[in-house]
Amino acid sequence: MAHDHKQQTTSRPLRVAVIGSGPSGLYAAEALIKQDQISVSVDIFDRLPVPYGLVRYGVAPDHHKIKSVINVFEKAFLDPRVRFFGHVEFGQDLTNADFHRLYDAVIYAAGASSDRSLGIAGEDLPGSISATEFVAWYNGHPDAATRDMRLDARGVAVVGVGNVAVDVTRVLAKTTDELGETDIADHALTVLAHSGVTDIHVLGRRGPVQAKFTTKELSELGELANADIIVKPEEIALDPASEAALAGQRVAQRNLEVLRAFAAKPLAGKPRRIHLRFLVSPVEVLGTEHVDGLVIERNRLNERQVAVGTGEYETLDVQMVLRSVGYKGVPLPDVPFDARANVVPNAAGRVTQSADGAVVPGEYVTGWIKRGPSGLIGTNKADSVETVRALLEDAPGLPRAADGDPEAVDALLRSRGIHFVTIAGWAALDRYEMALGEAQGRPRVKIVHVAEMLERVMGAS
Ligand code: NAP
C-alpha cells in the first residue's frame with residue numbers, strides 16, 4: 001500500500017492552485033498549460049462567483065474592445081486540466097494550510113484591491129471617495145452594488161492623471177446615450193442619467209511630461225459629445241527638467257501634442273467642461289458634513305521632477321472629490337507581505353519571507369500583488385510567464401501535497417457548506433447576462449448581487 005501511494009504521488013500531474021481569476025491569474029494558468037515540460041492540473045479560485053477580475057470590474061464599460069482578452073482566458077477554461085472554483089475566499093473558506101495540504105504549488109494572483117490615500121485634511125468627508133470605489137460601483141462589482149452614490153455635485157475634482165483618472169472622468173462626462181450602449185451597471189446608468197455634474201477638474205501634481213495616462217485614452221477626452229476640454233497653455237509649458245526628460249519618451253511626446261491641440265481648441269459651448277490641470281496638488285478638502293470645496297496649491301518641479309509647493313493657493317468649487325492616485329495591495333491571510341511596498345515579497349515570482357528573506361517553498365506570486373499596481377492588462381502576461389518559469393524550475397524538488405486527489409477539494413468545500421461555482425456555472429450566468437444585454441442592444445447586463453448570481457448558476461455548477 002505504502003509503495004502504491006508513493007507511485008501515485010510521484011506520477012500524478014503537478015497540482016497547482018491559482019488564487020485570483022483576473023488577468024495575472026489567467027495568464028499564469030495559460031502559461032502552465034502551454035508548456036510541455038511537466039504534466040499539470042490547475043485549479044483557479046476567486047472569492048467572487050464570476051471570473052476575470054479587473055477585466056470585468058476594472059476596464060471601463062465603454063472600452064469594450066479591451067475585454068476581448070477574455071477570448072484568450074476562455075481557452076484556458078476550456079482545457080480539461082483547468083477547473084474554476086468561484087465564490088471561494090482564500091483565508092476564509094480555504095486557509096493557506098488547506099491549500100498546502102491539497103496542492104503542490106500555489107500562485108497568488110489576488111491583485112491590488114484597495115487604494116492609496118492622499119493624507120490631507122477632509123479626505124474622509126462624505127463626497128470624497130476613491131476612484132477604486134467609483135469604478136467598482138459603475139462596473140457592478142458586488143462589493144459596491146449597494147453603495148448609495150450621489151451625483152448631485154456640480155463640480156467634481158479627480159485627483160491624479162493616470163488612466164483610471166481618465167476613465168472616471170470620461171464616465172462622468174458622457175451622455176446617457178453614450179453609456180447606454182455599454183455594459184455599465186444598471187444602477188449606475190440610472191444615477192448618471194440624473195447627474196448634475198457640469199465641471200470636472202482633473203488634477204496632476206506634476207507636469208504633462210510626468211503624467212501617467214496613455215495617448216489614446218487622453219485623446220478620447222477631446223471627442224466627447226457633451227464635454228469641452230480646457231487646458232491652460234501656461235500649465236503645459238515645460239521647465240528644463242521636463243524638456244530634458246521628454247527627449248526619450250515617445251508617449252509623453254505624443255501626449256504633449258494632444259494637450260497642445262486641446263489648449264489651442266476654441267470651446268464649443270458644450271454643457272460639461274473637463275478642466276485638465278497640471279502642477280497643482282490638493283491640500284485640503286473643505287466642508288463640515290460633506291465636501292464643499294477643494295483647496296489646491298500651485299507646484300513647480302525641481303530638477304528631479306518632484307513637485308514642490310509654491311505657496312500659491314486656489315479653491316475649486318467642487319462638491320465631490322474622486323481620489324485616483326493608485327490602487328494598493330492588501331495582505332492575504334498567512335502569506336508574507338511587504339507593508340512598505342504593499343506587495344507579496346518575492347524573487348522573480350518565488351514568494352520570500354521578507355523583501356530579502358528566504359524562499360517559501362511551493363508559493364508563488366504574479367500580477368499587481370507581485371510588482372505593484374502598474375501596467376496594462378497585457379503586462380501581466382510576461383509577469384506570469386516569469387513566475388511560471390520559476391515554478392517549473394522548482395517543480396521536480398517541490399514537496400508533494402499530502403492530499404493531492406482533485407476530488408478532495410470539492411469534498412472539503414462541500415463539507416464546509418461552501419456553494420462554489422464551476423466553469424459550467426459561470427457559463428450559464430454568462431449566457432444569461434448576454435441574453436439580457438441582447439434584448440437591450442448592449443453587450444451584457446450584469447447581475448450585481450452575489451445571491452442572484454448563485455441562484456442563476458444553480459443546477460449548472
Ligand atoms: P497610475 O497610472 O499610477 O496613476 C496614478 C496618478 O496618481 C499619477 O498621476 C500620480 O502622480 C498621481 N498621484 C499619486 N499620489 C498622488 C498624490 N498624493 N497627490 C496627487 N497625485 C498623486 O495609476 P492608475 O491610474 O490607478 O492606473 C493603474 C494602472 O492601470 C496603470 O498602469 C494604468 O495605465 C492601468 N490602466 C489602464 C487603462 C487603459 O489602458 N485604458 C485604464 C485604467 C487603468 P505622480 O506620477 O506624480 O506620482
# chains A, B, ... in the order shown; residues from 1 in each chain; ligands from 1
$ closest_atom_pairs --of "chain A" --to "ligand 1" --cutoff "7 Å" --atoms "only C-alpha atoms and all ligand atoms" --output "tab-separated table"
residue	atom	partner	partner_atom_place_in_ligand_line	distance
A:Val59	CA	ligand 1	42 (C)	6.1
A:Leu118	CA	ligand 1	18 (N)	4.6
A:Val159	CA	ligand 1	21 (N)	5.8
A:Gly160	CA	ligand 1	7 (O)	3.7
A:Val161	CA	ligand 1	9 (O)	3.7
A:Gly162	CA	ligand 1	25 (O)	3.4
A:Asn163	CA	ligand 1	25 (O)	4.3
A:Val164	CA	ligand 1	25 (O)	3.8
A:Ala165	CA	ligand 1	25 (O)	5.5
A:Asp167	CA	ligand 1	42 (C)	6.3
A:Gly204	CA	ligand 1	9 (O)	5.9
A:Arg205	CA	ligand 1	20 (C)	5.1
A:Arg206	CA	ligand 1	47 (O)	5.5
A:Gln210	CA	ligand 1	46 (O)	5.9
A:Ala211	CA	ligand 1	9 (O)	5.3
A:Lys212	CA	ligand 1	2 (O)	4.8
A:Phe213	CA	ligand 1	34 (O)	6.2
A:Thr214	CA	ligand 1	34 (O)	6.9
A:Glu217	CA	ligand 1	41 (N)	6.0
A:Ser281	CA	ligand 1	20 (C)	5.7
A:Pro282	CA	ligand 1	19 (N)	6.7
A:Ser324	CA	ligand 1	7 (O)	5.8
A:Val325	CA	ligand 1	7 (O)	3.3
A:Gly326	CA	ligand 1	26 (O)	3.7
A:Tyr327	CA	ligand 1	26 (O)	5.4
A:Pro373	CA	ligand 1	28 (C)	5.5
A:Ser374	CA	ligand 1	32 (O)	3.6
A:Gly375	CA	ligand 1	32 (O)	3.5
A:Leu376	CA	ligand 1	35 (C)	5.0
$ closest_atom_pairs --of "region 19-65 of chain A" --to "region 426-448 of chain A" --cutoff "12 Å" --atoms "only C-alpha atoms" --output "JSON lines"
{"residue": "A:Asp46", "atom": "CA", "partner": "A:Trp426", "partner_atom": "CA", "distance": 11.8}
{"residue": "A:Leu48", "atom": "CA", "partner": "A:Trp426", "partner_atom": "CA", "distance": 10.7}
{"residue": "A:Pro49", "atom": "CA", "partner": "A:Trp426", "partner_atom": "CA", "distance": 7.4}
{"residue": "A:Val50", "atom": "CA", "partner": "A:Trp426", "partner_atom": "CA", "distance": 6.1}
{"residue": "A:Pro51", "atom": "CA", "partner": "A:Trp426", "partner_atom": "CA", "distance": 7.7}
{"residue": "A:Tyr52", "atom": "CA", "partner": "A:Trp426", "partner_atom": "CA", "distance": 10.9}
{"residue": "A:Arg56", "atom": "CA", "partner": "A:Lys446", "partner_atom": "CA", "distance": 9.6}
{"residue": "A:Tyr57", "atom": "CA", "partner": "A:Lys446", "partner_atom": "CA", "distance": 10.4}
{"residue": "A:Pro61", "atom": "CA", "partner": "A:Pro443", "partner_atom": "CA", "distance": 9.7}
{"residue": "A:Asp62", "atom": "CA", "partner": "A:Pro443", "partner_atom": "CA", "distance": 10.4}
{"residue": "A:His63", "atom": "CA", "partner": "A:Pro443", "partner_atom": "CA", "distance": 11.4}
{"residue": "A:His64", "atom": "CA", "partner": "A:Pro443", "partner_atom": "CA", "distance": 8.3}
{"residue": "A:Lys65", "atom": "CA", "partner": "A:Pro443", "partner_atom": "CA", "distance": 10.9}
$ closest_atom_pairs --of "region 145-253 of chain A" --to "region 288-295 of chain A" --cutoff "12 Å" --atoms "only C-alpha atoms" --output "tab-separated table"
residue	atom	partner	partner_atom	distance
A:Arg150	CA	A:His290	CA	11.6
A:Asp152	CA	A:Val291	CA	11.7
A:Ala153	CA	A:Val291	CA	9.3
A:Arg154	CA	A:Asp292	CA	10.6
A:Gly155	CA	A:Gly293	CA	8.8
A:Val156	CA	A:Gly293	CA	9.2
A:Ala157	CA	A:Leu294	CA	7.7
A:Val158	CA	A:Leu294	CA	10.7
A:Val159	CA	A:Leu294	CA	10.6
A:His201	CA	A:Leu294	CA	10.4
A:Leu203	CA	A:Leu294	CA	11.1
$ write_last_selection --atoms "all heavy atoms" --output "PDB file, in the first residue's frame"
ATOM      1  N   ARG A 150     -24.217  59.383  -4.813  1.00  0.00           N
ATOM      2  CA  ARG A 150     -24.973  60.565  -5.240  1.00  0.00           C
ATOM      3  C   ARG A 150     -24.169  61.324  -6.280  1.00  0.00           C
ATOM      4  O   ARG A 150     -22.967  61.479  -6.129  1.00  0.00           O
ATOM      5  CB  ARG A 150     -25.178  61.496  -4.048  1.00  0.00           C
ATOM      6  CG  ARG A 150     -25.816  60.823  -2.887  1.00  0.00           C
ATOM      7  CD  ARG A 150     -27.157  61.455  -2.552  1.00  0.00           C
ATOM      8  NE  ARG A 150     -27.785  60.646  -1.531  1.00  0.00           N
ATOM      9  CZ  ARG A 150     -27.870  61.006  -0.257  1.00  0.00           C
ATOM     10  NH1 ARG A 150     -27.402  62.176   0.114  1.00  0.00           N
ATOM     11  NH2 ARG A 150     -28.449  60.228   0.617  1.00  0.00           N
ATOM     12  N   ASP A 152     -25.104  64.582  -7.198  1.00  0.00           N
ATOM     13  CA  ASP A 152     -25.755  65.900  -7.238  1.00  0.00           C
ATOM     14  C   ASP A 152     -24.730  67.034  -7.235  1.00  0.00           C
ATOM     15  O   ASP A 152     -25.085  68.211  -7.190  1.00  0.00           O
ATOM     16  CB  ASP A 152     -26.797  66.044  -6.121  1.00  0.00           C
ATOM     17  CG  ASP A 152     -26.343  65.435  -4.811  1.00  0.00           C
ATOM     18  OD1 ASP A 152     -25.116  65.190  -4.687  1.00  0.00           O
ATOM     19  OD2 ASP A 152     -27.174  65.201  -3.923  1.00  0.00           O
ATOM     20  N   ALA A 153     -23.443  66.671  -7.264  1.00  0.00           N
ATOM     21  CA  ALA A 153     -22.397  67.706  -7.306  1.00  0.00           C
ATOM     22  C   ALA A 153     -22.430  68.438  -8.649  1.00  0.00           C
ATOM     23  O   ALA A 153     -22.715  67.833  -9.674  1.00  0.00           O
ATOM     24  CB  ALA A 153     -21.031  67.052  -7.122  1.00  0.00           C
ATOM     25  N   ARG A 154     -22.122  69.755  -8.629  1.00  0.00           N
ATOM     26  CA  ARG A 154     -21.908  70.492  -9.892  1.00  0.00           C
ATOM     27  C   ARG A 154     -20.468  70.288 -10.327  1.00  0.00           C
ATOM     28  O   ARG A 154     -20.176  70.036 -11.474  1.00  0.00           O
ATOM     29  CB  ARG A 154     -22.103  72.003  -9.685  1.00  0.00           C
ATOM     30  CG  ARG A 154     -23.477  72.476  -9.342  1.00  0.00           C
ATOM     31  CD  ARG A 154     -23.507  74.006  -9.224  1.00  0.00           C
ATOM     32  NE  ARG A 154     -22.450  74.555  -8.348  1.00  0.00           N
ATOM     33  CZ  ARG A 154     -22.528  74.575  -7.006  1.00  0.00           C
ATOM     34  NH1 ARG A 154     -23.578  74.065  -6.384  1.00  0.00           N
ATOM     35  NH2 ARG A 154     -21.545  75.095  -6.268  1.00  0.00           N
ATOM     36  N   GLY A 155     -19.573  70.434  -9.339  1.00  0.00           N
ATOM     37  CA  GLY A 155     -18.154  70.316  -9.655  1.00  0.00           C
ATOM     38  C   GLY A 155     -17.557  69.068  -9.015  1.00  0.00           C
ATOM     39  O   GLY A 155     -17.888  68.723  -7.883  1.00  0.00           O
ATOM     40  N   VAL A 156     -16.703  68.383  -9.751  1.00  0.00           N
ATOM     41  CA  VAL A 156     -16.020  67.193  -9.233  1.00  0.00           C
ATOM     42  C   VAL A 156     -14.521  67.381  -9.458  1.00  0.00           C
ATOM     43  O   VAL A 156     -14.108  67.811 -10.546  1.00  0.00           O
ATOM     44  CB  VAL A 156     -16.474  65.914  -9.977  1.00  0.00           C
ATOM     45  CG1 VAL A 156     -15.744  64.682  -9.445  1.00  0.00           C
ATOM     46  CG2 VAL A 156     -17.980  65.720  -9.886  1.00  0.00           C
ATOM     47  N   ALA A 157     -13.713  67.072  -8.435  1.00  0.00           N
ATOM     48  CA  ALA A 157     -12.260  67.056  -8.632  1.00  0.00           C
ATOM     49  C   ALA A 157     -11.819  65.611  -8.749  1.00  0.00           C
ATOM     50  O   ALA A 157     -12.182  64.779  -7.916  1.00  0.00           O
ATOM     51  CB  ALA A 157     -11.560  67.726  -7.463  1.00  0.00           C
ATOM     52  N   VAL A 158     -11.089  65.302  -9.789  1.00  0.00           N
ATOM     53  CA  VAL A 158     -10.499  63.973  -9.938  1.00  0.00           C
ATOM     54  C   VAL A 158      -9.007  64.156  -9.695  1.00  0.00           C
ATOM     55  O   VAL A 158      -8.336  64.875 -10.443  1.00  0.00           O
ATOM     56  CB  VAL A 158     -10.749  63.398 -11.361  1.00  0.00           C
ATOM     57  CG1 VAL A 158     -10.058  62.053 -11.518  1.00  0.00           C
ATOM     58  CG2 VAL A 158     -12.246  63.278 -11.630  1.00  0.00           C
ATOM     59  N   VAL A 159      -8.498  63.551  -8.634  1.00  0.00           N
ATOM     60  CA  VAL A 159      -7.093  63.761  -8.280  1.00  0.00           C
ATOM     61  C   VAL A 159      -6.247  62.650  -8.889  1.00  0.00           C
ATOM     62  O   VAL A 159      -6.496  61.464  -8.655  1.00  0.00           O
ATOM     63  CB  VAL A 159      -6.906  63.782  -6.745  1.00  0.00           C
ATOM     64  CG1 VAL A 159      -5.447  64.084  -6.393  1.00  0.00           C
ATOM     65  CG2 VAL A 159      -7.839  64.797  -6.110  1.00  0.00           C
ATOM     66  N   HIS A 201     -12.666  68.701 -12.716  1.00  0.00           N
ATOM     67  CA  HIS A 201     -11.303  69.228 -12.646  1.00  0.00           C
ATOM     68  C   HIS A 201     -10.355  68.051 -12.438  1.00  0.00           C
ATOM     69  O   HIS A 201     -10.399  67.412 -11.389  1.00  0.00           O
ATOM     70  CB  HIS A 201     -11.159  70.191 -11.471  1.00  0.00           C
ATOM     71  CG  HIS A 201     -12.193  71.284 -11.486  1.00  0.00           C
ATOM     72  ND1 HIS A 201     -11.953  72.537 -11.978  1.00  0.00           N
ATOM     73  CD2 HIS A 201     -13.506  71.281 -11.078  1.00  0.00           C
ATOM     74  CE1 HIS A 201     -13.055  73.271 -11.871  1.00  0.00           C
ATOM     75  NE2 HIS A 201     -14.008  72.531 -11.324  1.00  0.00           N
ATOM     76  N   LEU A 203      -6.685  66.718 -11.818  1.00  0.00           N
ATOM     77  CA  LEU A 203      -5.536  67.411 -11.221  1.00  0.00           C
ATOM     78  C   LEU A 203      -4.253  66.577 -11.242  1.00  0.00           C
ATOM     79  O   LEU A 203      -4.160  65.534 -10.593  1.00  0.00           O
ATOM     80  CB  LEU A 203      -5.878  67.767  -9.761  1.00  0.00           C
ATOM     81  CG  LEU A 203      -7.223  68.487  -9.540  1.00  0.00           C
ATOM     82  CD1 LEU A 203      -7.470  68.686  -8.054  1.00  0.00           C
ATOM     83  CD2 LEU A 203      -7.255  69.820 -10.289  1.00  0.00           C
TER      84      LEU A 203
END
$ residues_around --residues "Val409 (chain A)" --least-positions-apart "3" --cutoff "10 Å" --atoms "only C-alpha atoms" --output "number ranges by chain"
A: 43, 85, 94, 98-99, 101-103, 403-406, 412-415
$ residues_around --residues "region 238-243 of chain A" --least-positions-apart "4" --cutoff "8 Å" --atoms "only C-alpha atoms" --output "number ranges by chain"
A: 207, 209-210, 247, 301-305
$ select_by_dssp --residues "region 216-449 of chain A" --states "helix (DSSP H, G or I)" --output "ChimeraX atom specification"
/A:216-223,233-235,240-246,250-264,368-371,379-397,406-415,423-439
$ decode --residues "region 10-52 of chain A" --atoms "N, CA and C atoms" --output "compact mmCIF listing (two decimals), in the first residue's frame"
# COMPACT_ATOMS: atom_id res chain seq x y z
N THR A 10 4.11 10.33 -7.14
CA THR A 10 5.20 10.81 -7.98
C THR A 10 4.79 10.86 -9.46
N SER A 11 3.77 10.12 -9.87
CA SER A 11 3.44 10.12 -11.29
C SER A 11 2.26 11.02 -11.62
N ARG A 12 1.51 11.47 -10.64
CA ARG A 12 0.34 12.30 -10.94
C ARG A 12 0.79 13.69 -11.40
N PRO A 13 -0.10 14.41 -12.08
CA PRO A 13 0.26 15.76 -12.52
C PRO A 13 0.57 16.67 -11.33
N LEU A 14 1.39 17.67 -11.55
CA LEU A 14 1.65 18.66 -10.51
C LEU A 14 0.37 19.43 -10.28
N ARG A 15 -0.06 19.51 -9.03
CA ARG A 15 -1.33 20.19 -8.72
C ARG A 15 -1.05 21.64 -8.32
N VAL A 16 -1.58 22.55 -9.14
CA VAL A 16 -1.32 23.97 -8.89
C VAL A 16 -2.64 24.70 -8.61
N ALA A 17 -2.66 25.51 -7.57
CA ALA A 17 -3.82 26.38 -7.29
C ALA A 17 -3.43 27.81 -7.64
N VAL A 18 -4.33 28.50 -8.33
CA VAL A 18 -4.12 29.91 -8.65
C VAL A 18 -5.17 30.70 -7.87
N ILE A 19 -4.71 31.66 -7.07
CA ILE A 19 -5.65 32.44 -6.24
C ILE A 19 -5.94 33.76 -6.94
N GLY A 20 -7.08 33.82 -7.58
CA GLY A 20 -7.47 35.03 -8.31
C GLY A 20 -7.63 34.71 -9.79
N SER A 21 -8.77 35.10 -10.36
CA SER A 21 -9.01 34.78 -11.78
C SER A 21 -9.05 36.03 -12.65
N GLY A 22 -8.26 37.03 -12.24
CA GLY A 22 -8.08 38.20 -13.09
C GLY A 22 -6.98 37.92 -14.12
N PRO A 23 -6.55 38.97 -14.83
CA PRO A 23 -5.56 38.76 -15.89
C PRO A 23 -4.30 38.02 -15.44
N SER A 24 -3.72 38.38 -14.30
CA SER A 24 -2.45 37.74 -13.93
C SER A 24 -2.65 36.26 -13.63
N GLY A 25 -3.74 35.91 -12.95
CA GLY A 25 -4.01 34.51 -12.63
C GLY A 25 -4.27 33.70 -13.89
N LEU A 26 -5.02 34.28 -14.81
CA LEU A 26 -5.36 33.52 -16.02
C LEU A 26 -4.18 33.43 -16.98
N TYR A 27 -3.34 34.46 -17.01
CA TYR A 27 -2.11 34.32 -17.82
C TYR A 27 -1.20 33.25 -17.21
N ALA A 28 -1.21 33.14 -15.89
CA ALA A 28 -0.40 32.08 -15.24
C ALA A 28 -0.94 30.71 -15.62
N ALA A 29 -2.28 30.57 -15.60
CA ALA A 29 -2.89 29.29 -15.99
C ALA A 29 -2.54 28.97 -17.44
N GLU A 30 -2.61 29.98 -18.29
CA GLU A 30 -2.30 29.78 -19.71
C GLU A 30 -0.85 29.30 -19.87
N ALA A 31 0.07 29.95 -19.15
CA ALA A 31 1.48 29.58 -19.26
C ALA A 31 1.70 28.14 -18.75
N LEU A 32 0.94 27.74 -17.74
CA LEU A 32 1.10 26.39 -17.18
C LEU A 32 0.63 25.32 -18.16
N ILE A 33 -0.48 25.61 -18.85
CA ILE A 33 -1.00 24.56 -19.74
C ILE A 33 -0.34 24.59 -21.12
N LYS A 34 0.34 25.69 -21.43
CA LYS A 34 1.00 25.78 -22.74
C LYS A 34 2.35 25.05 -22.77
N GLN A 35 2.97 24.89 -21.61
CA GLN A 35 4.30 24.27 -21.58
C GLN A 35 4.17 22.75 -21.65
N ASP A 36 5.26 22.10 -22.12
CA ASP A 36 5.18 20.64 -22.18
C ASP A 36 6.28 19.98 -21.37
N GLN A 37 6.86 20.74 -20.42
CA GLN A 37 7.91 20.16 -19.56
C GLN A 37 7.34 19.15 -18.59
N ILE A 38 6.24 19.52 -17.93
CA ILE A 38 5.67 18.62 -16.94
C ILE A 38 4.15 18.60 -17.07
N SER A 39 3.56 17.52 -16.57
CA SER A 39 2.11 17.42 -16.62
C SER A 39 1.53 18.18 -15.40
N VAL A 40 0.50 18.99 -15.67
CA VAL A 40 -0.06 19.82 -14.59
C VAL A 40 -1.57 19.70 -14.53
N SER A 41 -2.14 20.02 -13.39
CA SER A 41 -3.57 20.30 -13.31
C SER A 41 -3.70 21.60 -12.52
N VAL A 42 -4.60 22.47 -12.98
CA VAL A 42 -4.66 23.83 -12.45
C VAL A 42 -6.07 24.13 -11.96
N ASP A 43 -6.19 24.50 -10.70
CA ASP A 43 -7.47 24.94 -10.14
C ASP A 43 -7.39 26.44 -9.88
N ILE A 44 -8.34 27.18 -10.45
CA ILE A 44 -8.33 28.64 -10.30
C ILE A 44 -9.44 29.06 -9.33
N PHE A 45 -9.06 29.81 -8.31
CA PHE A 45 -10.02 30.22 -7.27
C PHE A 45 -10.32 31.71 -7.38
N ASP A 46 -11.55 32.08 -7.06
CA ASP A 46 -11.89 33.50 -6.95
C ASP A 46 -12.88 33.67 -5.82
N ARG A 47 -12.77 34.77 -5.09
CA ARG A 47 -13.73 34.98 -4.00
C ARG A 47 -15.11 35.35 -4.55
N LEU A 48 -15.16 35.85 -5.78
CA LEU A 48 -16.45 36.15 -6.41
C LEU A 48 -16.94 34.93 -7.19
N PRO A 49 -18.24 34.84 -7.44
CA PRO A 49 -18.75 33.68 -8.20
C PRO A 49 -18.36 33.73 -9.68
N VAL A 50 -17.80 34.87 -10.11
CA VAL A 50 -17.52 35.06 -11.55
C VAL A 50 -16.04 35.32 -11.78
N PRO A 51 -15.51 34.90 -12.92
CA PRO A 51 -14.09 35.11 -13.18
C PRO A 51 -13.80 36.47 -13.84
N TYR A 52 -12.52 36.72 -14.08
CA TYR A 52 -11.95 37.82 -14.89
C TYR A 52 -11.57 39.07 -14.13
